[in-house]
$ cat final_38.txt   # compact mmCIF, C-alpha atoms
# COMPACT_ATOMS: atom_id res chain seq x y z
CA MET A 1 -35.84 -32.73 -14.18
CA ASN A 2 -38.69 -34.88 -15.47
CA ASN A 3 -39.96 -38.11 -13.99
CA ASN A 4 -38.80 -40.17 -16.94
CA LEU A 5 -35.21 -39.14 -16.29
CA LYS A 6 -35.61 -39.79 -12.56
CA GLN A 7 -36.96 -43.25 -13.30
CA GLN A 8 -33.91 -43.91 -15.43
CA VAL A 9 -31.71 -42.87 -12.51
CA SER A 10 -33.59 -45.31 -10.29
CA GLU A 11 -33.13 -48.04 -12.85
CA PHE A 12 -29.43 -47.24 -13.21
CA LEU A 13 -28.93 -47.46 -9.44
CA ASP A 14 -30.41 -50.96 -9.55
CA ASP A 15 -28.15 -52.04 -12.47
CA GLU A 16 -31.27 -52.72 -14.52
CA MET A 17 -30.35 -50.50 -17.44
CA ASP A 18 -28.67 -51.77 -20.61
CA SER A 19 -25.17 -50.50 -21.41
CA PRO A 20 -25.96 -47.93 -24.12
CA ALA A 21 -28.76 -46.36 -22.06
CA ALA A 22 -26.54 -46.31 -18.96
CA LEU A 23 -23.78 -44.67 -20.96
CA ARG A 24 -26.19 -42.00 -22.20
CA LEU A 25 -27.39 -41.36 -18.66
CA LEU A 26 -23.84 -41.06 -17.29
CA THR A 27 -22.93 -38.67 -20.09
CA ALA A 28 -25.99 -36.59 -19.25
CA ALA A 29 -25.06 -36.70 -15.54
CA LEU A 30 -21.72 -35.08 -16.34
CA GLU A 31 -23.55 -32.24 -18.05
CA ASP A 32 -26.47 -31.89 -15.65
CA SER A 33 -25.61 -31.93 -11.94
CA GLN A 34 -29.29 -32.51 -11.10
CA ILE A 35 -29.03 -36.03 -12.43
CA ALA A 36 -25.95 -36.76 -10.32
CA MET A 37 -27.64 -35.25 -7.26
CA THR A 38 -30.74 -37.39 -7.76
CA LEU A 39 -28.49 -40.44 -7.97
CA ASN A 40 -26.77 -39.38 -4.73
CA ARG A 41 -30.08 -38.95 -2.91
CA TYR A 42 -31.40 -42.31 -4.09
CA ALA A 43 -28.13 -43.91 -2.96
CA THR A 44 -28.52 -42.28 0.44
CA ILE A 45 -32.05 -43.68 0.73
CA ARG A 46 -30.62 -47.11 -0.02
CA GLN A 47 -28.00 -46.70 2.72
CA ALA A 48 -30.66 -45.64 5.20
CA ILE A 49 -32.93 -48.58 4.38
CA LYS A 50 -30.02 -50.98 4.73
CA ASN A 51 -28.87 -49.29 7.93
CA ASP A 52 -25.44 -48.70 6.43
CA GLY A 53 -23.43 -45.71 7.59
CA LEU A 54 -25.24 -42.72 6.21
CA ILE A 55 -23.01 -40.72 3.89
CA PHE A 56 -24.58 -38.22 1.56
CA ASP A 57 -22.49 -36.71 -1.17
CA ASP A 58 -23.46 -33.20 -2.19
CA GLY A 59 -21.59 -33.51 -5.46
CA SER A 60 -18.23 -32.43 -4.08
CA PHE A 61 -16.77 -35.93 -4.24
CA LEU A 62 -16.86 -36.12 -8.03
CA THR A 63 -15.64 -32.54 -8.30
CA LYS A 64 -12.58 -33.27 -6.16
CA VAL A 65 -11.69 -36.53 -7.90
CA SER A 66 -12.26 -35.01 -11.32
CA ALA A 67 -10.03 -32.03 -10.50
CA GLN A 68 -7.22 -34.35 -9.47
CA ILE A 69 -7.67 -36.54 -12.52
CA GLN A 70 -7.38 -33.48 -14.73
CA ARG A 71 -3.91 -32.91 -13.30
CA GLU A 72 -2.91 -36.49 -14.10
CA PRO A 73 -1.43 -37.35 -17.47
CA ALA A 74 -3.91 -38.84 -19.90
CA TYR A 75 -3.46 -42.42 -20.95
CA LEU A 76 -2.74 -42.95 -24.55
CA LEU A 77 -2.22 -46.62 -25.05
CA PRO A 78 -0.49 -47.54 -28.29
CA ARG A 79 -2.97 -47.71 -31.08
CA ARG A 80 -3.74 -51.07 -32.48
CA LYS A 81 -1.93 -52.03 -35.65
CA PRO A 82 -4.16 -50.92 -38.51
CA PRO A 83 -5.82 -53.84 -40.20
CA ALA A 84 -4.44 -55.01 -43.49
CA LEU A 85 -6.05 -53.67 -46.64
CA LYS A 86 -7.65 -57.01 -47.37
CA GLU A 87 -9.24 -57.15 -43.88
CA THR A 88 -10.53 -53.60 -44.23
CA LEU A 89 -12.07 -54.35 -47.60
CA ASN A 90 -13.59 -57.54 -46.25
CA LYS A 91 -15.26 -55.50 -43.53
CA LEU A 92 -16.43 -52.77 -45.84
CA ILE A 93 -17.64 -54.94 -48.70
CA PRO A 94 -20.40 -57.40 -47.91
CA PHE A 95 -19.57 -61.05 -48.41
CA ARG A 96 -22.19 -61.51 -51.15
CA VAL A 97 -20.74 -58.66 -53.21
CA ARG A 98 -17.24 -60.07 -52.85
CA GLN A 99 -18.42 -63.52 -53.84
CA ALA A 100 -20.25 -62.20 -56.91
CA HIS A 101 -17.15 -60.23 -57.91
CA HIS A 102 -14.99 -63.32 -57.56
CA GLU A 103 -17.37 -65.42 -59.65
CA ARG A 104 -17.47 -62.79 -62.40
CA ASN A 105 -13.68 -62.68 -62.47
CA GLN A 106 -13.60 -66.42 -62.82
CA LEU A 107 -15.84 -66.16 -65.87
CA LEU A 108 -13.94 -63.28 -67.44
CA ALA A 109 -10.50 -64.64 -66.74
CA VAL A 110 -8.41 -64.86 -69.97
CA ARG A 111 -7.08 -68.34 -70.40
CA PRO A 112 -4.70 -69.26 -73.22
CA GLU A 113 -6.06 -71.65 -75.78
CA PRO A 114 -4.40 -75.03 -75.48
CA VAL A 115 -1.66 -75.46 -78.10
CA GLU A 116 -1.83 -78.65 -80.01
CA GLY A 117 1.00 -80.98 -79.15
CA LEU A 118 2.16 -78.86 -76.23
CA ASN A 119 2.19 -80.49 -72.91
CA GLN A 120 -0.12 -78.28 -70.80
CA SER A 121 1.49 -79.43 -67.60
CA PHE A 122 4.64 -77.72 -68.79
CA LEU A 123 2.87 -74.34 -68.68
CA ASN A 124 1.76 -75.01 -65.16
CA ASP A 125 5.28 -75.90 -64.12
CA ARG A 126 6.73 -73.34 -61.73
CA ARG A 127 10.03 -73.53 -63.58
CA TYR A 128 8.39 -72.26 -66.75
CA PRO A 129 9.06 -68.54 -66.08
CA LEU A 130 12.70 -69.31 -65.28
CA LEU A 131 13.11 -71.26 -68.47
CA ALA A 132 11.52 -68.44 -70.44
CA LEU A 133 13.88 -65.95 -68.84
CA ALA A 134 16.91 -68.12 -69.56
CA ALA A 135 15.85 -68.45 -73.20
CA SER A 136 15.45 -64.69 -73.51
CA ILE A 137 18.93 -64.10 -72.10
CA ALA A 138 20.36 -66.65 -74.50
CA ILE A 139 18.76 -64.91 -77.49
CA VAL A 140 20.03 -61.51 -76.41
CA ALA A 141 23.50 -62.94 -75.91
CA VAL A 142 23.49 -64.51 -79.38
CA LEU A 143 22.34 -61.32 -81.06
CA GLY A 144 24.93 -59.32 -79.17
CA THR A 145 27.83 -61.53 -80.23
CA GLN A 146 26.97 -61.65 -83.93
CA SER A 147 29.64 -59.98 -86.09
CA PRO A 148 28.48 -57.23 -88.46
CA ASP A 149 29.94 -58.95 -91.54
CA LYS A 150 27.96 -62.09 -90.93
CA PRO A 151 24.44 -61.12 -90.02
CA ALA A 152 22.05 -63.83 -89.22
CA THR A 153 19.32 -63.91 -91.77
CA ASP A 154 16.96 -66.05 -89.89
CA LEU A 155 16.39 -65.96 -86.15
CA SER A 156 15.47 -69.56 -86.16
CA ASN A 157 18.94 -70.40 -87.36
CA THR A 158 20.70 -68.20 -84.83
CA GLY A 159 21.81 -71.06 -82.67
CA LEU A 160 23.22 -72.86 -85.68
CA ALA A 161 25.04 -69.75 -86.93
CA VAL A 162 26.63 -69.19 -83.54
CA ALA A 163 27.80 -72.79 -83.45
CA GLU A 164 29.32 -72.54 -86.91
CA LEU A 165 31.06 -69.31 -86.10
CA ALA A 166 32.55 -70.74 -82.95
CA SER A 167 33.70 -73.79 -84.85
CA ASP A 168 35.37 -71.67 -87.55
CA ARG A 169 37.18 -69.55 -85.07
CA THR A 170 38.47 -72.56 -83.24
CA LYS A 171 39.77 -73.96 -86.50
CA THR A 172 41.59 -70.82 -87.51
CA GLY A 173 43.08 -70.42 -84.06
CA LEU A 174 41.77 -66.88 -83.85
CA GLU A 175 39.25 -67.51 -81.12
CA THR A 176 40.21 -67.66 -77.51
CA THR A 177 37.94 -68.61 -74.71
CA LYS A 178 38.15 -65.09 -73.35
CA PRO A 179 37.17 -62.49 -75.96
CA GLU A 180 39.49 -59.53 -75.84
CA LEU A 181 39.52 -56.39 -77.90
CA ALA A 182 42.34 -56.22 -80.44
CA PRO A 183 44.60 -53.16 -80.45
CA LEU A 184 43.08 -50.10 -82.05
CA ASN A 185 45.17 -50.13 -85.22
CA GLU A 186 44.20 -53.76 -85.87
CA ARG A 187 40.56 -52.96 -85.49
CA ILE A 188 40.91 -50.08 -87.91
CA ASN A 189 42.66 -52.40 -90.31
CA ASP A 190 39.87 -54.91 -90.03
CA TYR A 191 37.30 -52.21 -90.61
CA LEU A 192 39.02 -50.85 -93.69
CA GLN A 193 39.59 -54.31 -95.05
CA ALA A 194 35.95 -55.08 -94.68
CA HIS A 195 34.94 -51.93 -96.50
CA ASN A 196 37.46 -51.14 -99.19
CA ASN A 197 40.09 -53.82 -99.04
CA GLY A 198 42.65 -51.22 -98.03
CA VAL A 199 44.93 -51.48 -95.02
CA TYR A 200 47.15 -49.06 -93.28
CA THR A 201 50.52 -50.39 -92.32
CA SER A 202 51.27 -47.74 -89.77
CA GLY A 203 54.67 -47.13 -91.34
CA GLY A 204 55.95 -50.68 -91.06
CA PRO A 205 59.41 -51.39 -92.52
CA ASN A 206 59.53 -51.66 -96.34
CA LEU A 207 55.84 -50.98 -96.63
CA GLN A 208 53.86 -48.08 -97.94
CA PRO A 209 51.60 -46.38 -95.42
CA SER A 210 48.57 -47.75 -97.23
CA VAL A 211 48.40 -50.80 -99.41
CA LYS A 212 45.75 -52.71 -101.18
CA VAL A 213 45.21 -56.23 -100.09
CA THR A 214 43.25 -58.77 -101.99
CA ALA A 215 43.06 -61.88 -99.88
CA TYR A 216 43.82 -60.98 -96.36
CA SER A 217 42.02 -63.10 -93.91
CA ASN A 218 39.24 -63.45 -96.35
CA ASN A 219 37.48 -66.27 -94.63
CA ARG A 220 36.91 -64.51 -91.31
CA MET B 1 -22.90 -64.27 -13.81
CA ASN B 2 -26.44 -62.88 -13.79
CA ASN B 3 -27.82 -60.49 -16.38
CA GLN B 4 -27.38 -57.42 -14.17
CA SER B 5 -23.68 -58.12 -13.58
CA ARG B 6 -23.09 -58.79 -17.26
CA ILE B 7 -24.68 -55.48 -18.30
CA SER B 8 -22.76 -53.63 -15.62
CA GLU B 9 -19.46 -55.20 -16.70
CA GLU B 10 -20.13 -54.37 -20.35
CA LEU B 11 -20.51 -50.74 -19.40
CA ASP B 12 -17.36 -50.84 -17.27
CA GLU B 13 -15.36 -52.38 -20.11
CA GLU B 14 -16.48 -49.63 -22.44
CA LEU B 15 -15.63 -46.88 -19.95
CA VAL B 16 -12.25 -48.39 -19.02
CA SER B 17 -11.39 -48.70 -22.68
CA ARG B 18 -12.23 -45.04 -23.20
CA VAL B 19 -10.08 -43.97 -20.25
CA GLN B 20 -7.19 -46.01 -21.60
CA ARG B 21 -7.53 -44.12 -24.86
CA GLY B 22 -7.18 -40.82 -23.02
CA ASP B 23 -10.81 -39.92 -22.24
CA LYS B 24 -10.80 -38.56 -18.67
CA LYS B 25 -14.55 -37.90 -18.71
CA ALA B 26 -15.08 -41.63 -18.91
CA PHE B 27 -13.31 -41.96 -15.58
CA ASP B 28 -15.67 -39.38 -14.09
CA MET B 29 -18.51 -41.66 -15.19
CA LEU B 30 -16.88 -44.57 -13.39
CA VAL B 31 -16.64 -42.37 -10.29
CA ILE B 32 -20.35 -41.51 -10.51
CA LYS B 33 -21.18 -45.16 -10.88
CA TYR B 34 -19.09 -46.51 -8.01
CA GLN B 35 -18.52 -43.69 -5.55
CA HIS B 36 -21.35 -44.69 -3.23
CA LYS B 37 -20.28 -48.31 -3.01
CA ILE B 38 -16.62 -47.42 -2.55
CA ILE B 39 -17.29 -44.81 0.14
CA GLN B 40 -19.47 -47.29 2.01
CA LEU B 41 -16.83 -49.96 1.70
CA VAL B 42 -14.06 -47.71 2.96
CA ASN B 43 -16.27 -46.44 5.78
CA ARG B 44 -16.56 -49.96 7.15
CA TYR B 45 -12.78 -49.80 7.73
CA VAL B 46 -12.14 -46.22 8.80
CA LYS B 47 -15.52 -45.70 10.54
CA ASP B 48 -15.57 -42.00 9.84
CA PRO B 49 -17.69 -40.57 7.02
CA HIS B 50 -15.35 -37.60 6.47
CA GLU B 51 -12.24 -39.70 6.28
CA ALA B 52 -14.04 -42.38 4.30
CA GLN B 53 -14.63 -39.84 1.56
CA ASP B 54 -10.98 -38.77 1.57
CA VAL B 55 -9.71 -42.34 1.48
CA ALA B 56 -12.20 -43.25 -1.24
CA GLN B 57 -10.99 -40.26 -3.23
CA GLU B 58 -7.42 -41.48 -2.87
CA ALA B 59 -8.49 -44.95 -3.97
CA PHE B 60 -10.04 -43.55 -7.15
CA ILE B 61 -6.87 -41.59 -7.94
CA LYS B 62 -4.78 -44.72 -7.39
CA ALA B 63 -7.14 -46.65 -9.65
CA TYR B 64 -6.79 -44.05 -12.36
CA ARG B 65 -2.99 -44.19 -12.16
CA ALA B 66 -3.02 -47.98 -12.32
CA LEU B 67 -5.65 -48.24 -15.02
CA ASN B 68 -3.00 -48.44 -17.69
CA ASN B 69 -2.06 -51.85 -16.29
CA PHE B 70 -5.63 -53.09 -16.00
CA ARG B 71 -6.05 -55.82 -18.59
CA GLY B 72 -9.52 -57.02 -17.67
CA ASP B 73 -8.37 -60.29 -16.08
CA SER B 74 -10.94 -59.59 -13.37
CA ALA B 75 -13.99 -57.36 -13.42
CA PHE B 76 -13.24 -53.66 -13.02
CA TYR B 77 -15.54 -53.60 -10.00
CA THR B 78 -13.52 -56.32 -8.23
CA TRP B 79 -10.25 -54.64 -9.14
CA LEU B 80 -11.45 -51.26 -7.84
CA TYR B 81 -12.67 -52.86 -4.60
CA ARG B 82 -9.25 -54.38 -4.02
CA ILE B 83 -7.59 -51.01 -4.46
CA ALA B 84 -10.10 -49.37 -2.09
CA ILE B 85 -9.57 -52.01 0.60
CA ASN B 86 -5.76 -51.74 0.34
CA THR B 87 -5.96 -47.97 0.49
CA ALA B 88 -8.20 -48.14 3.55
CA LYS B 89 -5.85 -50.61 5.27
CA ASN B 90 -2.82 -48.44 4.50
CA TYR B 91 -4.68 -45.47 5.87
CA LEU B 92 -5.49 -47.30 9.09
CA GLN B 93 -1.86 -48.35 9.52
CA ALA B 94 -0.67 -44.80 8.96
CA ARG B 95 -3.25 -43.47 11.40
CA ALA B 96 -2.21 -46.00 14.00
CA ARG B 97 1.47 -45.03 13.59
CA ARG B 98 0.61 -41.37 13.74
CA ASN B 99 -1.43 -41.74 16.93
CA ARG B 100 1.31 -43.83 18.54
CA ASN B 101 4.20 -41.54 17.64
CA PHE B 102 2.57 -38.18 17.66
CA GLU B 103 2.72 -36.43 21.01
CA VAL B 104 -0.30 -34.23 20.88
CA ASP B 105 0.16 -30.74 22.01
CA ILE B 106 -3.47 -29.76 22.25
CA GLN B 107 -2.88 -26.03 22.14
CA ASP B 108 -0.67 -26.25 19.05
CA ALA B 109 -2.90 -28.75 17.33
CA GLU B 110 -5.99 -26.64 17.78
CA LYS B 111 -4.35 -23.92 15.76
CA VAL B 112 -3.98 -26.29 12.81
CA GLU B 113 -7.19 -26.47 10.89
CA ASN B 114 -8.36 -29.97 9.99
CA ALA B 115 -5.59 -31.62 11.97
CA PRO B 116 -6.54 -35.27 11.42
CA GLN B 117 -5.63 -36.35 14.91
CA LEU B 118 -8.28 -34.02 16.30
CA HIS B 119 -11.13 -35.41 14.24
CA ASP B 120 -13.90 -36.99 16.20
CA LEU B 121 -14.86 -40.22 14.57
CA SER B 122 -18.41 -38.99 14.59
CA SER B 123 -19.47 -35.68 16.00
CA PRO B 124 -22.64 -35.51 18.16
CA ASP B 125 -24.21 -33.07 15.69
CA SER B 126 -23.74 -35.27 12.67
CA GLN B 127 -24.88 -38.32 14.66
CA LEU B 128 -28.08 -36.53 15.53
CA ALA B 129 -28.63 -35.47 11.91
CA ASN B 130 -28.06 -39.02 10.71
CA GLU B 131 -30.56 -40.40 13.20
CA GLN B 132 -33.06 -37.81 12.06
CA ILE B 133 -32.59 -38.81 8.43
CA ILE B 134 -33.00 -42.48 9.18
CA GLU B 135 -36.19 -41.82 11.18
CA THR B 136 -37.56 -39.70 8.35
CA ILE B 137 -36.87 -42.42 5.79
CA LYS B 138 -38.44 -45.11 7.95
CA GLU B 139 -41.51 -42.98 8.43
CA ALA B 140 -41.72 -42.29 4.69
CA ILE B 141 -41.48 -46.00 3.98
CA SER B 142 -44.25 -46.80 6.44
CA LEU B 143 -46.51 -44.33 4.67
CA LEU B 144 -45.95 -45.94 1.24
CA PRO B 145 -48.74 -47.95 -0.38
CA GLU B 146 -48.31 -51.65 0.27
CA GLU B 147 -47.22 -52.64 -3.26
CA MET B 148 -44.60 -49.87 -3.42
CA ARG B 149 -43.24 -50.72 0.02
CA THR B 150 -43.00 -54.42 -0.86
CA ALA B 151 -41.26 -53.68 -4.16
CA ILE B 152 -38.56 -51.44 -2.66
CA MET B 153 -38.00 -53.75 0.31
CA LEU B 154 -37.50 -56.76 -1.93
CA ARG B 155 -35.09 -54.71 -3.97
CA GLU B 156 -33.06 -53.16 -1.15
CA PHE B 157 -33.20 -55.82 1.55
CA GLU B 158 -33.28 -58.96 -0.53
CA GLY B 159 -31.26 -57.62 -3.46
CA MET B 160 -33.73 -59.13 -5.91
CA SER B 161 -33.72 -58.15 -9.58
CA TYR B 162 -36.73 -56.52 -11.22
CA GLU B 163 -37.51 -59.80 -12.95
CA GLU B 164 -37.47 -61.72 -9.67
CA ILE B 165 -39.63 -59.10 -7.97
CA ALA B 166 -42.08 -59.24 -10.89
CA GLU B 167 -42.36 -63.00 -10.41
CA ALA B 168 -42.76 -62.67 -6.66
CA MET B 169 -45.41 -59.97 -6.97
CA ASN B 170 -47.01 -61.49 -10.02
CA CYS B 171 -46.90 -58.33 -12.10
CA PRO B 172 -45.03 -57.06 -15.20
CA ILE B 173 -41.43 -55.85 -14.91
CA GLY B 174 -42.50 -52.39 -16.04
CA THR B 175 -44.80 -52.17 -13.03
CA VAL B 176 -41.98 -53.16 -10.69
CA ARG B 177 -39.74 -50.52 -12.26
CA SER B 178 -42.41 -47.89 -11.76
CA ARG B 179 -43.26 -48.94 -8.17
CA ILE B 180 -39.65 -48.81 -7.04
CA PHE B 181 -39.13 -45.43 -8.66
CA ARG B 182 -42.28 -43.95 -7.12
CA ALA B 183 -41.28 -45.30 -3.70
CA ARG B 184 -37.90 -43.60 -3.98
CA GLU B 185 -39.49 -40.38 -5.10
CA ALA B 186 -41.91 -40.39 -2.16
CA ILE B 187 -39.03 -40.91 0.28
CA ASP B 188 -36.89 -38.35 -1.51
CA GLU B 189 -39.57 -35.69 -1.08
CA LYS B 190 -39.33 -36.07 2.70
CA LEU B 191 -35.57 -36.40 2.65
CA THR B 192 -34.52 -33.49 0.45
CA PRO B 193 -35.21 -30.72 3.03
CA LEU B 194 -33.07 -32.53 5.59
CA LEU B 195 -30.23 -33.15 3.15
CA THR B 196 -30.32 -29.55 2.00
CA HIS B 197 -30.25 -27.94 5.42
CA GLY B 198 -28.97 -30.47 7.92
CA ASP B 199 -25.47 -31.61 8.84
CA PHE B 200 -25.93 -35.17 7.80
CA ARG B 201 -22.36 -36.33 7.43

$ encode --input "final_38.txt" --output "structure tokens"
Amino acid sequence: MNNNLKQQVSEFLDDEMDSPAALRLLTAALEDSQIAMTLNRYATIRQAIKNDGLIFDDGSFLTKVSAQIQREPAYLLPRRKPPALKETLNKLIPFRVRQAHHERNQLLAVRPEPVEGLNQSFLNDRRYPLLALAASIAIVAVLGTQSPDKPATDLSNTGLAVAELASDRTKTGLETTKPELAPLNERINDYLQAHNNGVYTSGGPNLQPSVKVTAYSNNR
Amino acid sequence: MNNQSRISEELDEELVSRVQRGDKKAFDMLVIKYQHKIIQLVNRYVKDPHEAQDVAQEAFIKAYRALNNFRGDSAFYTWLYRIAINTAKNYLQARARRNRNFEVDIQDAEKVENAPQLHDLSSPDSQLANEQIIETIKEAISLLPEEMRTAIMLREFEGMSYEEIAEAMNCPIGTVRSRIFRAREAIDEKLTPLLTHGDFR
């Protein structure tokens, strides 16, 4: 054991060593019993100088305690909650890099050109996405309720067409507030009427099974 | 808190934290660091070097078992001292009860090896060895060069830090460090043969 190491032991005994160096020395002492023995002898010298009760440890004390500790269960305290992704990134990425990245994003950010006549504060309104969603649903609903014999020619007029259709149906008494499917034979009749002006009578009294009609419900 | 205490506590915190994460070797390091102080402390209560070591050992085991609950509200050193003192007091109470209640049958007891009630508090042989060691150390100190003797005396008797000794002796800290080490080495050279061959406990 060299003098440098012995001097470190002396320093450690006097609590004059910084933490990392002390930790290295203690780790070495676990590997090399000579270091621990030197520490024990220096401690004994201290006791003798101070006239304390003289107790020299030949290394058996640590051996006994260590053997008992090995039989004890190891502590495994719950691990700390892992830091959030943002915290981890903040630690890993230097502040300057993050700041530069943020500034670049600010420059590259795509901003819509202001529309003439449009109130910009409306776009910033939190209700804007809800209004857009409601409008989309309304359009889908309108398209879904359009009848095949009256297609809307212009989307811009869809609202108007729906209003007119509703008005017509109210007038003719055909529309109810709750749309219900007509019986199957009626729907077939409507289909045939729309396509070839023919109608099946399903064997009604005094009627042929199929007749031509010319003006049946023509304004539907 | 002075610089020495702060450094010592930093190291303790690190080691305690390691033990709490399951590193038993870190506890061995704490034992190396504090065993001398704890044995001395316990010996002031039980007044028997053999038993002091046993009680100190028990105190360390208790400390290990309780370490899970140590939250660093006080310094580890203070906490460990409290455990050692309580263990020593409990031991004394148990010994007192045992001596009061136990009717010693000398012939039977002699057959039992290490029967605690038969321990002499300090055997004549070990007393003689201890006196010899102390005389040897005193002689070694008297033979030290003046500056080395002064440095180690200020350190051990006055408990001064290296910095304070450097101021008192008007020399660099490195010189103080070296003088104290060389003083210990000189004493150790005289002491080692006695510790190796004698019954010093």

$ interface_residues --input "final_38.txt" --of "chain A" --to "chain B" --cutoff "7 Å" --atoms "all atoms listed in the file" --output "ChimeraX atom specification"
/A:7,10,15-16,18-19,26,41-43,46,48,50,54-56,62,65-66,69,74-77

$ closest_residue --input "final_38.txt" --among "B:Ala94, B:Met148, B:Val16, B:Leu80" --to "Val46 of chain B" --atoms "all atoms listed in the file"
B:Ala94

$ atom_distance --input "final_38.txt" --atom1 "atom CA of Gln8 of chain A" --atom2 "atom CA of Trp79 of chain B"
26.7 Å

$ atom_distance --input "final_38.txt" --atom1 "atom CA of Val9 of chain A" --atom2 "atom CA of Leu25 of chain A"
7.7 Å

$ residues_around --input "final_38.txt" --residues "Tyr81 of chain B" --least-positions-apart "4" --cutoff "8 Å" --atoms "only C-alpha atoms" --output "MDAnalysis selection string"
chainID B and resid 38 77 85

$ atom_distance --input "final_38.txt" --atom1 "atom CA of Leu30 of chain A" --atom2 "atom CA of Phe12 of chain A"
14.7 Å

$ residues_around --input "final_38.txt" --residues "Lys89 of chain B" --least-positions-apart "6" --cutoff "10 Å" --atoms "only C-alpha atoms" --output "MDAnalysis selection string"
chainID B and resid 42 45:46 55 83 95

$ write_last_selection --input "final_38.txt" --atoms "C-alpha atoms" --output "mmCIF file, in the coordinates of the input"
data_model
loop_
_atom_site.group_PDB
_atom_site.id
_atom_site.type_symbol
_atom_site.label_atom_id
_atom_site.label_comp_id
_atom_site.auth_asym_id
_atom_site.auth_seq_id
_atom_site.Cartn_x
_atom_site.Cartn_y
_atom_site.Cartn_z
ATOM 1 C CA VAL B 42 -14.060 -47.710 2.960
ATOM 2 C CA TYR B 45 -12.780 -49.800 7.730
ATOM 3 C CA VAL B 46 -12.140 -46.220 8.800
ATOM 4 C CA VAL B 55 -9.710 -42.340 1.480
ATOM 5 C CA ILE B 83 -7.590 -51.010 -4.460
ATOM 6 C CA ARG B 95 -3.250 -43.470 11.400
#

$ closest_residue --input "final_38.txt" --among "B:Asn90, B:Glu164, B:Arg97, B:Ala183" --to "Thr150 of chain B" --atoms "all atoms listed in the file"
B:Ala183

$ axis_aligned_box --input "final_38.txt" --around "segment 140-144 of chain B" --padding-each-side "5 Å" --output "JSON"
{"center_x": -44.0, "center_y": -44.5, "center_z": 3.8, "size_x": 15.0, "size_y": 14.5, "size_z": 15.2}

$ decode --input "final_38.txt" --residues "segment 8-12 of chain A" --atoms "all heavy atoms" --output "compact mmCIF listing (two decimals), in the first residue's frame"
# COMPACT_ATOMS: atom_id res chain seq x y z
N GLN A 8 -4.33 9.48 2.11
CA GLN A 8 -5.77 9.66 1.88
C GLN A 8 -6.59 9.09 3.04
O GLN A 8 -7.60 9.66 3.44
CB GLN A 8 -6.19 8.97 0.58
CG GLN A 8 -5.77 9.72 -0.68
CD GLN A 8 -6.25 9.01 -1.93
OE1 GLN A 8 -7.30 8.41 -1.95
NE2 GLN A 8 -5.45 9.07 -2.97
N VAL A 9 -6.12 7.94 3.57
CA VAL A 9 -6.81 7.35 4.72
C VAL A 9 -6.76 8.30 5.90
O VAL A 9 -7.76 8.52 6.60
CB VAL A 9 -6.17 5.98 5.08
CG1 VAL A 9 -6.75 5.44 6.38
CG2 VAL A 9 -6.39 4.97 3.97
N SER A 10 -5.58 8.90 6.11
CA SER A 10 -5.41 9.86 7.20
C SER A 10 -6.35 11.05 7.03
O SER A 10 -7.00 11.49 7.98
CB SER A 10 -3.94 10.31 7.22
OG SER A 10 -3.77 11.36 8.11
N GLU A 11 -6.43 11.51 5.80
CA GLU A 11 -7.30 12.64 5.50
C GLU A 11 -8.77 12.27 5.72
O GLU A 11 -9.56 13.06 6.24
CB GLU A 11 -7.09 12.98 4.01
CG GLU A 11 -7.01 14.45 3.71
CD GLU A 11 -6.74 14.67 2.24
OE1 GLU A 11 -5.84 14.01 1.67
OE2 GLU A 11 -7.45 15.48 1.65
N PHE A 12 -9.12 11.07 5.31
CA PHE A 12 -10.51 10.60 5.46
C PHE A 12 -10.89 10.52 6.94
O PHE A 12 -11.98 10.93 7.34
CB PHE A 12 -10.66 9.23 4.80
CG PHE A 12 -12.01 8.60 5.02
CD1 PHE A 12 -13.12 9.02 4.30
CD2 PHE A 12 -12.18 7.59 5.96
CE1 PHE A 12 -14.36 8.45 4.51
CE2 PHE A 12 -13.42 7.02 6.17
CZ PHE A 12 -14.51 7.44 5.45
